[in-house]
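target_22.txt follows (compact mmCIF, C-alpha atoms):
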# COMPACT_ATOMS: atom_id res chain seq x y z
CA MET A 1 -3.17 11.08 -9.24
CA ARG A 2 -0.31 11.69 -6.94
CA THR A 3 1.84 8.91 -5.60
CA ASN A 4 1.24 7.92 -2.03
CA ASN A 5 4.70 6.79 -0.94
CA THR A 6 5.36 9.49 1.67
CA SER A 7 4.76 9.51 5.42
CA PRO A 8 1.55 7.77 6.55
CA ALA A 9 0.98 10.72 8.93
CA GLU A 10 -0.93 12.48 6.14
CA LEU A 11 -3.80 10.07 6.90
CA GLY A 12 -4.48 12.18 9.98
CA THR A 13 -3.99 15.63 8.42
CA GLU A 14 -4.94 15.65 4.72
CA LYS A 15 -8.53 16.46 3.68
CA ILE A 16 -10.77 13.39 3.80
CA GLY A 17 -12.00 13.87 0.22
CA VAL A 18 -8.44 14.05 -1.09
CA LEU A 19 -7.39 10.99 0.91
CA LEU A 20 -10.39 8.93 -0.17
CA LYS A 21 -9.67 9.74 -3.81
CA GLN A 22 -5.98 9.00 -3.31
CA TYR A 23 -6.59 5.63 -1.66
CA ALA A 24 -9.93 4.54 -3.11
CA VAL A 25 -9.30 5.14 -6.82
CA PRO A 26 -6.35 2.72 -7.02
CA ALA A 27 -8.29 0.24 -4.85
CA ILE A 28 -11.37 0.53 -7.11
CA ILE A 29 -9.27 -0.03 -10.20
CA ALA A 30 -7.60 -2.99 -8.49
CA MET A 31 -10.89 -4.51 -7.30
CA THR A 32 -12.55 -3.97 -10.69
CA ALA A 33 -9.56 -5.64 -12.31
CA SER A 34 -9.87 -8.47 -9.78
CA SER A 35 -13.53 -8.89 -10.70
CA LEU A 36 -12.63 -8.85 -14.40
CA TYR A 37 -10.11 -11.55 -13.50
CA ASN A 38 -12.98 -13.84 -12.48
CA ILE A 39 -15.23 -12.69 -15.31
CA THR A 40 -12.47 -13.40 -17.84
CA ASP A 41 -12.23 -16.98 -16.60
CA SER A 42 -16.00 -17.40 -16.99
CA ILE A 43 -16.01 -15.91 -20.49
CA PHE A 44 -13.09 -18.06 -21.69
CA ILE A 45 -14.58 -21.19 -20.13
CA GLY A 46 -18.11 -20.43 -21.40
CA HIS A 47 -17.01 -19.85 -24.99
CA GLY A 48 -13.93 -22.09 -25.12
CA VAL A 49 -15.09 -25.15 -23.16
CA GLY A 50 -18.89 -25.00 -22.87
CA GLU A 51 -21.93 -24.69 -20.58
CA LEU A 52 -21.11 -27.81 -18.53
CA ALA A 53 -17.65 -26.43 -17.76
CA LEU A 54 -19.30 -23.16 -16.70
CA ALA A 55 -21.54 -25.17 -14.37
CA GLY A 56 -18.43 -26.95 -13.05
CA LEU A 57 -16.84 -23.59 -12.32
CA THR A 58 -19.97 -22.51 -10.44
CA ILE A 59 -19.98 -25.73 -8.39
CA SER A 60 -16.41 -24.86 -7.37
CA PHE A 61 -17.43 -21.46 -5.92
CA PRO A 62 -17.94 -22.74 -2.34
CA LEU A 63 -14.45 -24.22 -2.19
CA MET A 64 -12.95 -21.03 -3.63
CA ASN A 65 -14.92 -19.02 -1.06
CA LEU A 66 -13.58 -21.24 1.70
CA ALA A 67 -10.01 -20.74 0.49
CA ALA A 68 -10.64 -16.98 0.35
CA ALA A 69 -12.04 -17.15 3.89
CA PHE A 70 -8.77 -18.48 5.29
CA GLY A 71 -6.83 -15.96 3.20
CA SER A 72 -8.88 -13.03 4.50
CA LEU A 73 -8.57 -14.30 8.08
CA VAL A 74 -4.86 -13.51 7.85
CA GLY A 75 -4.63 -10.82 5.16
CA VAL A 76 -7.52 -8.53 6.11
CA GLY A 77 -6.87 -8.92 9.83
CA GLY A 78 -3.20 -8.07 9.31
CA ALA A 79 -3.99 -5.07 7.09
CA THR A 80 -6.42 -3.55 9.61
CA LEU A 81 -4.02 -4.12 12.50
CA LEU A 82 -1.21 -2.58 10.45
CA SER A 83 -3.22 0.62 9.79
CA ILE A 84 -4.10 1.01 13.48
CA ARG A 85 -0.47 0.49 14.59
CA MET A 86 0.77 3.01 12.03
CA GLY A 87 -1.80 5.49 13.34
CA GLN A 88 -0.23 4.95 16.77
CA LYS A 89 3.28 5.47 15.27
CA ASP A 90 4.25 1.94 16.34
CA TYR A 91 6.38 1.03 13.30
CA ASP A 92 8.28 -1.82 14.99
CA THR A 93 5.04 -3.71 15.58
CA ALA A 94 3.92 -2.85 12.02
CA ASN A 95 7.04 -4.58 10.66
CA THR A 96 6.40 -7.63 12.84
CA ILE A 97 2.84 -7.77 11.49
CA LEU A 98 4.29 -8.02 7.96
CA GLY A 99 6.46 -10.99 8.93
CA ASN A 100 3.65 -12.72 10.79
CA VAL A 101 1.26 -12.31 7.84
CA LEU A 102 3.81 -13.95 5.54
CA ILE A 103 4.41 -16.96 7.81
CA LEU A 104 0.73 -17.49 8.62
CA ASN A 105 -0.20 -17.36 4.93
CA LEU A 106 2.41 -20.03 4.19
CA ILE A 107 1.09 -22.29 6.94
CA VAL A 108 -2.60 -21.80 6.17
CA GLY A 109 -2.17 -21.97 2.38
CA ILE A 110 -0.29 -25.29 2.43
CA ALA A 111 -2.50 -26.87 5.11
CA PHE A 112 -5.71 -25.94 3.24
CA SER A 113 -4.40 -27.42 -0.02
CA ILE A 114 -3.43 -30.74 1.55
CA ALA A 115 -6.70 -31.12 3.47
CA THR A 116 -8.96 -30.38 0.48
CA LEU A 117 -7.02 -32.28 -2.20
CA LEU A 118 -7.24 -35.47 -0.13
CA PHE A 119 -11.06 -35.35 -0.17
CA LEU A 120 -11.73 -33.35 -3.34
CA ASP A 121 -14.29 -35.62 -5.06
CA PRO A 122 -16.50 -36.10 -1.96
CA ILE A 123 -16.35 -32.35 -1.30
CA LEU A 124 -17.44 -31.47 -4.84
CA ARG A 125 -20.26 -34.05 -4.76
CA PHE A 126 -21.45 -32.53 -1.49
CA PHE A 127 -21.43 -29.12 -3.21
CA GLY A 128 -23.82 -30.51 -5.84
CA ALA A 129 -21.58 -31.82 -8.63
CA GLY A 130 -23.30 -34.54 -10.64
CA THR A 131 -21.74 -37.08 -12.98
CA THR A 132 -21.57 -34.71 -15.96
CA VAL A 133 -20.23 -31.68 -14.08
CA LEU A 134 -17.85 -33.37 -11.61
CA PRO A 135 -14.92 -33.91 -14.05
CA TYR A 136 -14.85 -30.20 -14.94
CA ALA A 137 -15.01 -29.07 -11.31
CA ARG A 138 -12.31 -31.57 -10.32
CA GLU A 139 -9.91 -30.54 -13.10
CA TYR A 140 -10.28 -26.87 -12.21
CA MET A 141 -9.87 -27.24 -8.45
CA GLU A 142 -6.96 -29.72 -8.61
CA VAL A 143 -4.79 -27.08 -10.25
CA LEU A 144 -6.15 -24.19 -8.17
CA LEU A 145 -5.61 -25.99 -4.86
CA THR A 146 -2.10 -27.16 -5.82
CA GLY A 147 -1.08 -23.51 -6.20
CA ASN A 148 -3.24 -22.20 -3.33
CA VAL A 149 -0.23 -21.05 -1.28
CA PHE A 150 0.69 -18.60 -4.07
CA THR A 151 -2.85 -17.19 -3.97
CA HIS A 152 -2.73 -16.69 -0.19
CA LEU A 153 0.67 -14.99 -0.29
CA TYR A 154 -0.30 -12.79 -3.24
CA MET A 155 -3.57 -11.63 -1.66
CA GLY A 156 -2.06 -11.16 1.81
CA LEU A 157 0.87 -9.04 0.66
CA ASN A 158 -1.39 -7.01 -1.62
CA THR A 159 -3.61 -5.97 1.30
CA LEU A 160 -0.52 -4.92 3.26
CA LEU A 161 0.75 -2.91 0.29
CA ARG A 162 -2.45 -0.87 0.31
CA SER A 163 -2.66 -0.47 4.09
CA SER A 164 0.96 0.61 4.43
CA GLY A 165 0.46 3.60 2.13
CA ASN A 166 0.92 2.14 -1.36
CA PRO A 167 -2.53 1.89 -2.95
CA GLU A 168 -1.12 2.43 -6.44
CA LYS A 169 1.36 -0.42 -6.17
CA SER A 170 -1.45 -2.68 -4.93
CA MET A 171 -3.54 -1.57 -7.92
CA TYR A 172 -0.78 -2.29 -10.43
CA ALA A 173 -0.19 -5.73 -8.92
CA THR A 174 -3.85 -6.64 -9.49
CA ILE A 175 -3.91 -5.18 -13.02
CA PHE A 176 -0.78 -7.09 -14.02
CA THR A 177 -2.36 -10.29 -12.68
CA VAL A 178 -5.49 -9.74 -14.79
CA ILE A 179 -3.50 -9.04 -17.97
CA ILE A 180 -1.20 -12.05 -17.50
CA ASN A 181 -4.21 -14.26 -16.73
CA ALA A 182 -6.05 -13.16 -19.90
CA VAL A 183 -3.01 -13.79 -22.09
CA LEU A 184 -2.35 -17.22 -20.56
CA ASN A 185 -6.07 -18.13 -20.78
CA THR A 186 -6.01 -17.43 -24.51
CA ILE A 187 -2.91 -19.59 -25.01
CA PHE A 188 -3.87 -22.47 -22.72
CA ILE A 189 -7.54 -22.79 -23.81
CA PHE A 190 -7.58 -21.83 -27.50
CA VAL A 191 -4.03 -22.73 -28.58
CA PHE A 192 -3.05 -25.68 -26.35
CA ASN A 193 -6.67 -26.92 -25.88
CA TRP A 194 -6.11 -27.55 -22.16
CA GLY A 195 -9.76 -26.76 -21.36
CA ILE A 196 -10.82 -25.78 -17.85
CA ARG A 197 -7.52 -27.04 -16.43
CA GLY A 198 -5.77 -24.42 -18.58
CA ALA A 199 -7.94 -21.65 -17.08
CA ALA A 200 -6.94 -22.71 -13.54
CA LEU A 201 -3.25 -22.91 -14.49
CA ALA A 202 -3.43 -19.40 -15.99
CA THR A 203 -4.83 -18.10 -12.69
CA ILE A 204 -2.08 -19.62 -10.53
CA MET A 205 0.77 -18.67 -12.86
CA ALA A 206 -0.40 -15.04 -13.06
CA GLN A 207 -0.50 -14.74 -9.26
CA ALA A 208 2.90 -16.42 -8.83
CA ILE A 209 4.53 -14.05 -11.32
CA VAL A 210 3.16 -10.93 -9.60
CA LEU A 211 4.06 -12.35 -6.18
CA ILE A 212 7.74 -12.12 -7.15
CA ARG A 213 7.26 -8.37 -7.72
CA GLN A 214 5.63 -7.99 -4.29
CA PHE A 215 8.57 -9.73 -2.60
CA ARG A 216 10.95 -7.34 -4.31
CA PHE A 217 9.06 -4.33 -2.95
CA PHE A 218 8.98 -5.54 0.65
CA ASN A 219 12.71 -6.26 0.45
CA ASN A 220 13.33 -2.52 -0.01
CA LYS A 221 14.99 -1.39 3.24
CA ASN A 222 14.25 2.29 2.49
CA TYR A 223 10.51 1.80 3.04
CA PHE A 224 8.72 2.04 6.42
CA ILE A 225 7.61 -1.59 6.32
CA HIS A 226 10.03 -4.22 4.97
CA PHE A 227 11.40 -7.70 5.50
CA LYS A 228 14.15 -7.91 8.10
CA LYS A 229 15.48 -10.27 10.75
CA GLY A 230 13.31 -10.90 13.78
CA ILE A 231 9.89 -10.22 12.23
CA PHE A 232 9.12 -13.77 11.08
CA LYS A 233 8.69 -15.30 14.53
CA LEU A 234 4.98 -15.59 15.29
CA LYS A 235 3.94 -13.33 18.18
CA LYS A 236 0.99 -14.53 20.23
CA LYS A 237 -0.50 -11.06 20.75
CA ILE A 238 -0.19 -10.06 17.08
CA VAL A 239 -1.58 -13.35 15.80
CA SER A 240 -4.46 -13.19 18.29
CA ASP A 241 -5.41 -9.61 17.37
CA MET A 242 -4.99 -10.34 13.66
CA LEU A 243 -7.23 -13.39 13.74
CA SER A 244 -9.79 -11.59 15.92
CA ILE A 245 -10.14 -8.74 13.40
CA GLY A 246 -9.93 -11.09 10.41
CA MET A 247 -12.67 -13.30 11.85
CA ALA A 248 -15.37 -11.05 10.33
CA PRO A 249 -14.32 -11.49 6.67
CA PHE A 250 -13.46 -15.13 7.43
CA LEU A 251 -16.98 -15.85 8.67
CA LEU A 252 -18.44 -13.87 5.77
CA ASN A 253 -16.58 -16.03 3.23
CA ALA A 254 -17.29 -19.20 5.19
CA ALA A 255 -20.98 -18.29 5.31
CA SER A 256 -20.83 -17.57 1.57
CA CYS A 257 -19.49 -21.10 1.11
CA ILE A 258 -22.51 -22.56 2.89
CA ILE A 259 -24.91 -20.28 1.04
CA VAL A 260 -23.49 -21.17 -2.38
CA ILE A 261 -23.81 -24.88 -1.56
CA VAL A 262 -27.50 -24.37 -0.70
CA LEU A 263 -27.98 -22.22 -3.80
CA ASN A 264 -26.33 -24.76 -6.11
CA GLN A 265 -28.38 -27.61 -4.69
CA GLY A 266 -31.55 -25.53 -5.05
CA PHE A 267 -30.75 -24.58 -8.63
CA ILE A 268 -30.02 -28.21 -9.52
CA ARG A 269 -33.29 -29.33 -7.93
CA HIS A 270 -35.47 -26.70 -9.61
CA GLY A 271 -33.63 -25.98 -12.86
CA GLY A 272 -30.82 -28.49 -13.48
CA ASP A 273 -27.24 -27.87 -14.63
CA LEU A 274 -28.35 -24.95 -16.84
CA ALA A 275 -29.73 -23.10 -13.81
CA VAL A 276 -26.39 -23.60 -12.04
CA ALA A 277 -24.60 -22.09 -15.03
CA ALA A 278 -27.09 -19.19 -15.00
CA TYR A 279 -26.30 -18.50 -11.35
CA GLY A 280 -22.61 -18.53 -12.22
CA ILE A 281 -23.19 -15.74 -14.74
CA VAL A 282 -25.42 -13.72 -12.37
CA ASN A 283 -22.84 -14.11 -9.61
CA ARG A 284 -20.01 -12.81 -11.81
CA VAL A 285 -21.99 -9.74 -12.95
CA ALA A 286 -23.13 -8.86 -9.40
CA PHE A 287 -19.58 -9.42 -8.19
CA LEU A 288 -18.28 -6.75 -10.59
CA PHE A 289 -20.32 -3.98 -8.95
CA LEU A 290 -19.71 -5.35 -5.48
CA MET A 291 -15.95 -5.30 -6.09
CA ILE A 292 -16.13 -1.61 -7.04
CA VAL A 293 -17.81 -0.91 -3.70
CA LEU A 294 -15.20 -3.04 -1.93
CA GLY A 295 -12.61 -0.86 -3.65
CA PHE A 296 -14.14 2.14 -1.88
CA THR A 297 -14.12 0.27 1.44
CA GLN A 298 -10.48 -0.70 0.94
CA GLY A 299 -9.67 2.95 0.32
CA MET A 300 -11.63 3.82 3.46
CA GLN A 301 -9.93 1.15 5.61
CA PRO A 302 -6.47 2.71 6.16
CA ILE A 303 -7.99 6.20 6.61
CA ALA A 304 -10.59 5.06 9.14
CA GLY A 305 -8.15 2.73 10.91
CA TYR A 306 -5.42 5.38 11.22
CA ASN A 307 -7.74 8.13 12.46
CA PHE A 308 -9.51 5.79 14.87
CA GLY A 309 -6.14 4.79 16.28
CA ALA A 310 -5.21 8.49 16.58
CA LYS A 311 -8.63 9.24 18.19
CA TYR A 312 -9.71 11.67 15.41
CA TYR A 313 -13.33 10.55 15.54
CA THR A 314 -14.73 13.41 13.44
CA ARG A 315 -12.49 12.37 10.55
CA VAL A 316 -13.58 8.74 11.00
CA THR A 317 -17.21 9.80 10.58
CA GLN A 318 -16.41 11.96 7.54
CA VAL A 319 -14.69 9.17 5.61
CA LEU A 320 -17.55 6.78 6.36
CA LYS A 321 -20.21 9.20 5.05
CA LYS A 322 -18.31 9.91 1.83
CA THR A 323 -17.72 6.20 1.22
CA ILE A 324 -21.41 5.38 1.70
CA MET A 325 -22.40 8.13 -0.75
CA TRP A 326 -20.13 6.85 -3.55
CA ALA A 327 -21.00 3.20 -2.91
CA THR A 328 -24.71 4.04 -3.29
CA VAL A 329 -24.03 5.80 -6.60
CA VAL A 330 -22.21 2.73 -7.93
CA MET A 331 -24.85 0.21 -6.91
CA THR A 332 -27.71 2.36 -8.19
CA SER A 333 -25.94 2.65 -11.55
CA GLY A 334 -25.63 -1.15 -11.65
CA PHE A 335 -29.34 -1.50 -10.87
CA ILE A 336 -30.31 0.81 -13.76
CA LEU A 337 -27.97 -0.92 -16.24
CA ILE A 338 -29.17 -4.43 -15.44
CA GLU A 339 -32.88 -3.57 -15.39
CA LEU A 340 -32.57 -1.97 -18.84
CA PHE A 341 -30.12 -4.29 -20.63
CA PRO A 342 -30.00 -7.73 -18.93
CA ASN A 343 -29.82 -9.80 -22.15
CA THR A 344 -26.99 -7.72 -23.56
CA VAL A 345 -24.91 -8.22 -20.41
CA VAL A 346 -25.52 -11.98 -20.24
CA SER A 347 -24.70 -12.55 -23.92
CA ILE A 348 -21.07 -11.65 -23.14
CA PHE A 349 -20.74 -15.03 -21.39
CA THR A 350 -22.61 -17.41 -23.69
CA THR A 351 -24.45 -17.83 -27.00
CA ASN A 352 -26.92 -20.41 -25.63
CA GLU A 353 -30.34 -18.74 -25.98
CA GLN A 354 -31.96 -20.70 -23.16
CA LEU A 355 -29.10 -19.89 -20.80
CA ILE A 356 -29.26 -16.20 -21.78
CA ALA A 357 -33.00 -16.02 -21.01
CA MET A 358 -32.62 -17.80 -17.66
CA SER A 359 -29.64 -15.67 -16.60
CA ALA A 360 -31.23 -12.36 -17.65
CA HIS A 361 -34.37 -13.19 -15.65
CA GLY A 362 -32.27 -13.98 -12.58
CA LEU A 363 -30.18 -10.83 -12.97
CA ARG A 364 -33.19 -8.51 -12.93
CA ILE A 365 -34.49 -10.08 -9.72
CA VAL A 366 -31.14 -10.20 -7.90
CA PHE A 367 -30.44 -6.52 -8.64
CA LEU A 368 -33.78 -5.27 -7.23
CA CYS A 369 -32.28 -4.08 -3.90
CA PHE A 370 -28.87 -3.09 -5.25
CA PRO A 371 -29.32 0.65 -4.49
CA LEU A 372 -29.37 -0.33 -0.78
CA VAL A 373 -26.55 -2.87 -0.85
CA GLY A 374 -23.73 -0.30 -0.97
CA PHE A 375 -24.73 1.10 2.42
CA GLN A 376 -24.79 -2.35 4.02
CA VAL A 377 -21.39 -3.40 2.59
CA VAL A 378 -19.65 -0.16 3.59
CA THR A 379 -21.05 -0.25 7.13
CA SER A 380 -19.91 -3.84 7.68
CA ASN A 381 -16.40 -3.05 6.42
CA PHE A 382 -16.31 0.16 8.48
CA PHE A 383 -16.64 -1.72 11.78
CA GLN A 384 -13.92 -4.08 10.60
CA SER A 385 -11.66 -1.14 9.66
CA ILE A 386 -11.73 0.33 13.18
CA GLY A 387 -11.13 -3.03 14.86
CA MET A 388 -14.70 -3.60 16.15
CA SER A 389 -14.65 -7.26 15.22
CA GLY A 390 -17.80 -8.19 17.16
CA LYS A 391 -20.07 -5.85 15.21
CA ALA A 392 -18.35 -6.69 11.93
CA ILE A 393 -18.84 -10.40 12.56
CA PHE A 394 -22.52 -9.91 13.43
CA MET A 395 -23.14 -7.91 10.26
CA SER A 396 -21.19 -10.39 8.15
CA LEU A 397 -23.30 -13.26 9.43
CA SER A 398 -26.66 -11.51 9.58
CA ARG A 399 -27.20 -11.14 5.84
CA GLN A 400 -25.94 -14.61 4.93
CA VAL A 401 -27.03 -16.85 7.79
CA PHE A 402 -29.84 -15.10 9.67
CA PHE A 403 -31.70 -13.68 6.65
CA LEU A 404 -30.71 -15.39 3.39
CA LEU A 405 -30.52 -19.00 4.58
CA PRO A 406 -34.11 -19.12 5.95
CA CYS A 407 -35.38 -17.50 2.74
CA LEU A 408 -33.63 -20.20 0.66
CA PHE A 409 -35.37 -22.92 2.63
CA ILE A 410 -38.83 -21.31 2.61
CA LEU A 411 -39.43 -19.41 -0.65
CA PRO A 412 -38.56 -22.20 -3.17
CA HIS A 413 -41.37 -24.32 -1.69
CA TYR A 414 -43.86 -21.71 -2.92
CA PHE A 415 -42.17 -20.13 -5.96
CA ALA A 416 -39.74 -22.87 -7.16
CA LEU A 417 -36.79 -21.38 -9.11
CA ASP A 418 -38.00 -17.79 -8.67
CA GLY A 419 -38.09 -18.35 -4.92
CA ILE A 420 -34.31 -18.86 -4.98
CA TRP A 421 -33.74 -15.71 -7.00
CA TYR A 422 -36.03 -13.56 -4.81
CA SER A 423 -34.32 -14.74 -1.63
CA LEU A 424 -31.23 -12.69 -2.52
CA PRO A 425 -32.75 -9.17 -2.75
CA LEU A 426 -35.06 -9.84 0.21
CA SER A 427 -32.12 -10.66 2.50
CA ASP A 428 -30.26 -7.59 1.18
CA GLY A 429 -33.12 -5.32 2.22
CA ILE A 430 -33.36 -6.76 5.76
CA ALA A 431 -29.57 -6.61 6.21
CA THR A 432 -29.54 -2.94 5.21
CA ILE A 433 -32.09 -2.06 7.90
CA THR A 434 -29.94 -3.89 10.48
CA ALA A 435 -26.82 -2.02 9.34
CA PHE A 436 -28.61 1.33 9.65
CA VAL A 437 -29.60 0.66 13.28
CA LEU A 438 -26.07 -0.42 14.30
CA LEU A 439 -24.46 2.56 12.57
CA LEU A 440 -26.87 5.00 14.21
CA LEU A 441 -25.89 3.67 17.64
CA GLN A 442 -22.18 3.96 16.78
CA PHE A 443 -22.57 7.59 15.64
CA LYS A 444 -24.02 8.44 19.05
CA LYS A 445 -20.93 6.94 20.69
CA PHE A 446 -18.62 8.98 18.44
CA LYS A 447 -20.44 12.18 19.45
CA LYS A 448 -19.85 11.39 23.12
CA MET A 449 -16.16 10.65 22.42
CA ASN A 450 -15.73 13.95 20.57
CA SER A 451 -17.37 15.93 23.39
Structure re-expressed in structure tokens:
Amino acid sequence: MRTNNTSPAELGTEKIGVLLKQYAVPAIIAMTASSLYNITDSIFIGHGVGELALAGLTISFPLMNLAAAFGSLVGVGGATLLSIRMGQKDYDTANTILGNVLILNLIVGIAFSIATLLFLDPILRFFGAGTTVLPYAREYMEVLLTGNVFTHLYMGLNTLLRSSGNPEKSMYATIFTVIINAVLNTIFIFVFNWGIRGAALATIMAQAIVLIRQFRFFNNKNYFIHFKKGIFKLKKKIVSDMLSIGMAPFLLNAASCIIVIVLNQGFIRHGGDLAVAAYGIVNRVAFLFLMIVLGFTQGMQPIAGYNFGAKYYTRVTQVLKKTIMWATVVMTSGFILIELFPNTVVSIFTTNEQLIAMSAHGLRIVFLCFPLVGFQVVTSNFFQSIGMSGKAIFMSLSRQVFFLLPCLFILPHYFALDGIWYSLPLSDGIATITAFVLLLLQFKKFKKMNS
């Protein structure tokens, strides 16, 4: 794989297949590593602390999604805006975007930590934490929220690394974080016996260590985009555009927060703490394949954004089609694997036979529509990549709020626990049809622009 540290102008001239490989492969490796990051925590907690701790981790998902929502509001919006400005050869504004992303992440990261730590117990109880699970969820989130600003800065700068023409450096940053996290998890949980608190501390320390490396890169004055005087003052236009574009992933994560709360409460009502733990396992496995697809979309993002900014609409269409094809291959492979070997996959997380059976059953249902999910995810991220925030926001909300939420309120009344599981693939199928219609309309617009 060649290094992508040359002029970003190649995004408008190099073959689309070559560019997608050049940008997507590092992003896929990085996103897979990021997914393994979360899976590693679940494995260490499941085997080193127990099933109740795993349930506590699952109860914490909504709060982690909410933190990620505010991080993506700044990071993803800034990355997309950066790609478009670089496509327009506006490097001064691109540098200012870097400075504004840094300052906004500091502000948002600290403010979110203070607000949530003050009301942590009531928040976790609202999410569904009972007396037995609450202590585990509290211990984990206390540490994670204390270091939340490091997470926001690490994620924000990593997205800018990739969008500014350094997908490999972004990949290595994520891989290093995963490795450091695994090593620290082993020490903190199995040597120091710090339990679930040790897992959270390992996460924050790994991100803080890699963040230092990111700061060193952006201090390099020989690179197109770097820290310098004058870029750290917030600009109204940049912040407004950034937040407008980032609103789609923000609403997606915020909606995920609401959905996970409803899911956790449903699982507790129909299956107890063990069902919550089962959902935690299913979520981690599904997340692995989804993160691979998101790696493709992250590779697509700078290519689509640059060429859209340069008005090369044929190239925009080409990169979208190739990304959809590969995303479908990935999700179909996941579907086949899970339908054939669900118990084998689940046993990686736990030795509890009842939990294995419950998780394997849920996995096979949740993965039913996975061959279609890749198309829906790529299409949503495509609209975000070219700055069409309205369509991206609609697609982000449609699957979670308009389709999944009603299913979660209706189906469990008739099918109990299975009704919760079946709500997930049903909403995926409806969301895919919606994505197809919107994309078809956009293709017609591109044809008119080209002519």
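Minimum atom-to-atom distances from A:Met247, A:Ile180, A:Ile28, A:Val18 to Val76 (chain A) were compared using all atoms listed in the file, and the lowest value belongs to A:Met247.
If you measure from each of A:Phe224, A:Phe341, A:Trp326, A:Phe296 to Asp90 (chain A) using only C-alpha atoms, the closest one turns out to be A:Phe224.
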Quiz item: Using all atoms listed in the file, which of A:Gly56, A:Pro406, A:Gly299, A:Pro122 sits nearest Arg197 (chain A)?
Solution: A:Gly56
Practice problem: With a distance cut-off of 12 Å and all atoms listed in the file, select the neighbouring residues of region 319-324 of chain A, excluding the residue or stretch itself and same-chain residues fewer than 5 positions from it, and output the selection as number ranges by chain. | Solution: A: 11-12, 14-21, 23-25, 28, 292-308, 312-314, 329-331, 371-383, 385-386, 435-436, 439, 442-443
Self-check item: Residues within 9 Å of region 407-421 of chain A, only C-alpha atoms, excluding chain neighbours under 2 positions, as a PyMOL selection string
Solution: chain A and resi 259+262-263+266-267+269-271+275+362-363+365-366+403-405+423-427
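Residues lying within 8 Å of Asn185 (chain A), counting all atoms listed in the file and ignoring same-chain neighbours fewer than 6 positions away, are Asp41, Phe44, Gly198, Ala199 and Ala202 of chain A.
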Exercise. Find the spatial neighbours of Gly130 (chain A), counting all atoms listed in the file, within a cut-off of 12 Å - ignore same-chain residues fewer than 2 positions away - and output them as an MDAnalysis selection string.
Key: chainID A and resid 52 55:56 59 121:128 132:138 264:265 268:269 272:273 276
The selected residues should be written to file as a CSV table (one decimal), in the frame of the given file (atoms: C-alpha atoms).
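Okay, result39.csv is ready:
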chain,number,residue,atom,x,y,z
A,52,LEU,CA,-21.1,-27.8,-18.5
A,55,ALA,CA,-21.5,-25.2,-14.4
A,56,GLY,CA,-18.4,-27.0,-13.0
A,59,ILE,CA,-20.0,-25.7,-8.4
A,121,ASP,CA,-14.3,-35.6,-5.1
A,122,PRO,CA,-16.5,-36.1,-2.0
A,123,ILE,CA,-16.4,-32.4,-1.3
A,124,LEU,CA,-17.4,-31.5,-4.8
A,125,ARG,CA,-20.3,-34.0,-4.8
A,126,PHE,CA,-21.4,-32.5,-1.5
A,127,PHE,CA,-21.4,-29.1,-3.2
A,128,GLY,CA,-23.8,-30.5,-5.8
A,132,THR,CA,-21.6,-34.7,-16.0
A,133,VAL,CA,-20.2,-31.7,-14.1
A,134,LEU,CA,-17.8,-33.4,-11.6
A,135,PRO,CA,-14.9,-33.9,-14.0
A,136,TYR,CA,-14.8,-30.2,-14.9
A,137,ALA,CA,-15.0,-29.1,-11.3
A,138,ARG,CA,-12.3,-31.6,-10.3
A,264,ASN,CA,-26.3,-24.8,-6.1
A,265,GLN,CA,-28.4,-27.6,-4.7
A,268,ILE,CA,-30.0,-28.2,-9.5
A,269,ARG,CA,-33.3,-29.3,-7.9
A,272,GLY,CA,-30.8,-28.5,-13.5
A,273,ASP,CA,-27.2,-27.9,-14.6
A,276,VAL,CA,-26.4,-23.6,-12.0
Quiz item: Got a sec: who's within 8 Å of Met171 (chain A), counting only C-alpha atoms, leaving out chain neighbours fewer than 3 positions off, as a PyMOL selection string?
Solution: chain A and resi 26-27+29-31+167-168+174-175
Quiz item: Which value, in Å to one decimal, gives the distance between CA of Phe218 (chain A) and CA of Gly230 (chain A)?
Solution: 14.8 Å
Practice problem: Find the distance between CA of Phe112 (chain A) and CA of Lys391 (chain A) and write it in Å to one decimal. | Solution: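 Here the two named atoms are 27.4 Å from each other.
Note that the spacing between CA of Leu252 (chain A) and CA of Ser389 (chain A) amounts to 12.1 Å.
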Quiz prompt | Among listed residues A:Leu251, A:Leu211, A:Ile97, A:Ile114, nearest Leu66 (chain A) (using all atoms listed in the file) | solution = A:Leu251
Self-check item: A:Leu201, A:Ala277, A:Val74, A:Ala33 ranked by distance to Ser240 (chain A), top pick (using only C-alpha atoms)
Solution: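 Under the stated criterion, the closest residue is A:Val74.
For the choices A:Asn38, A:Thr80, A:Thr96, A:Ser170, the atom-to-atom distance to Leu57 (chain A) is smallest for A:Asn38 when using only C-alpha atoms.
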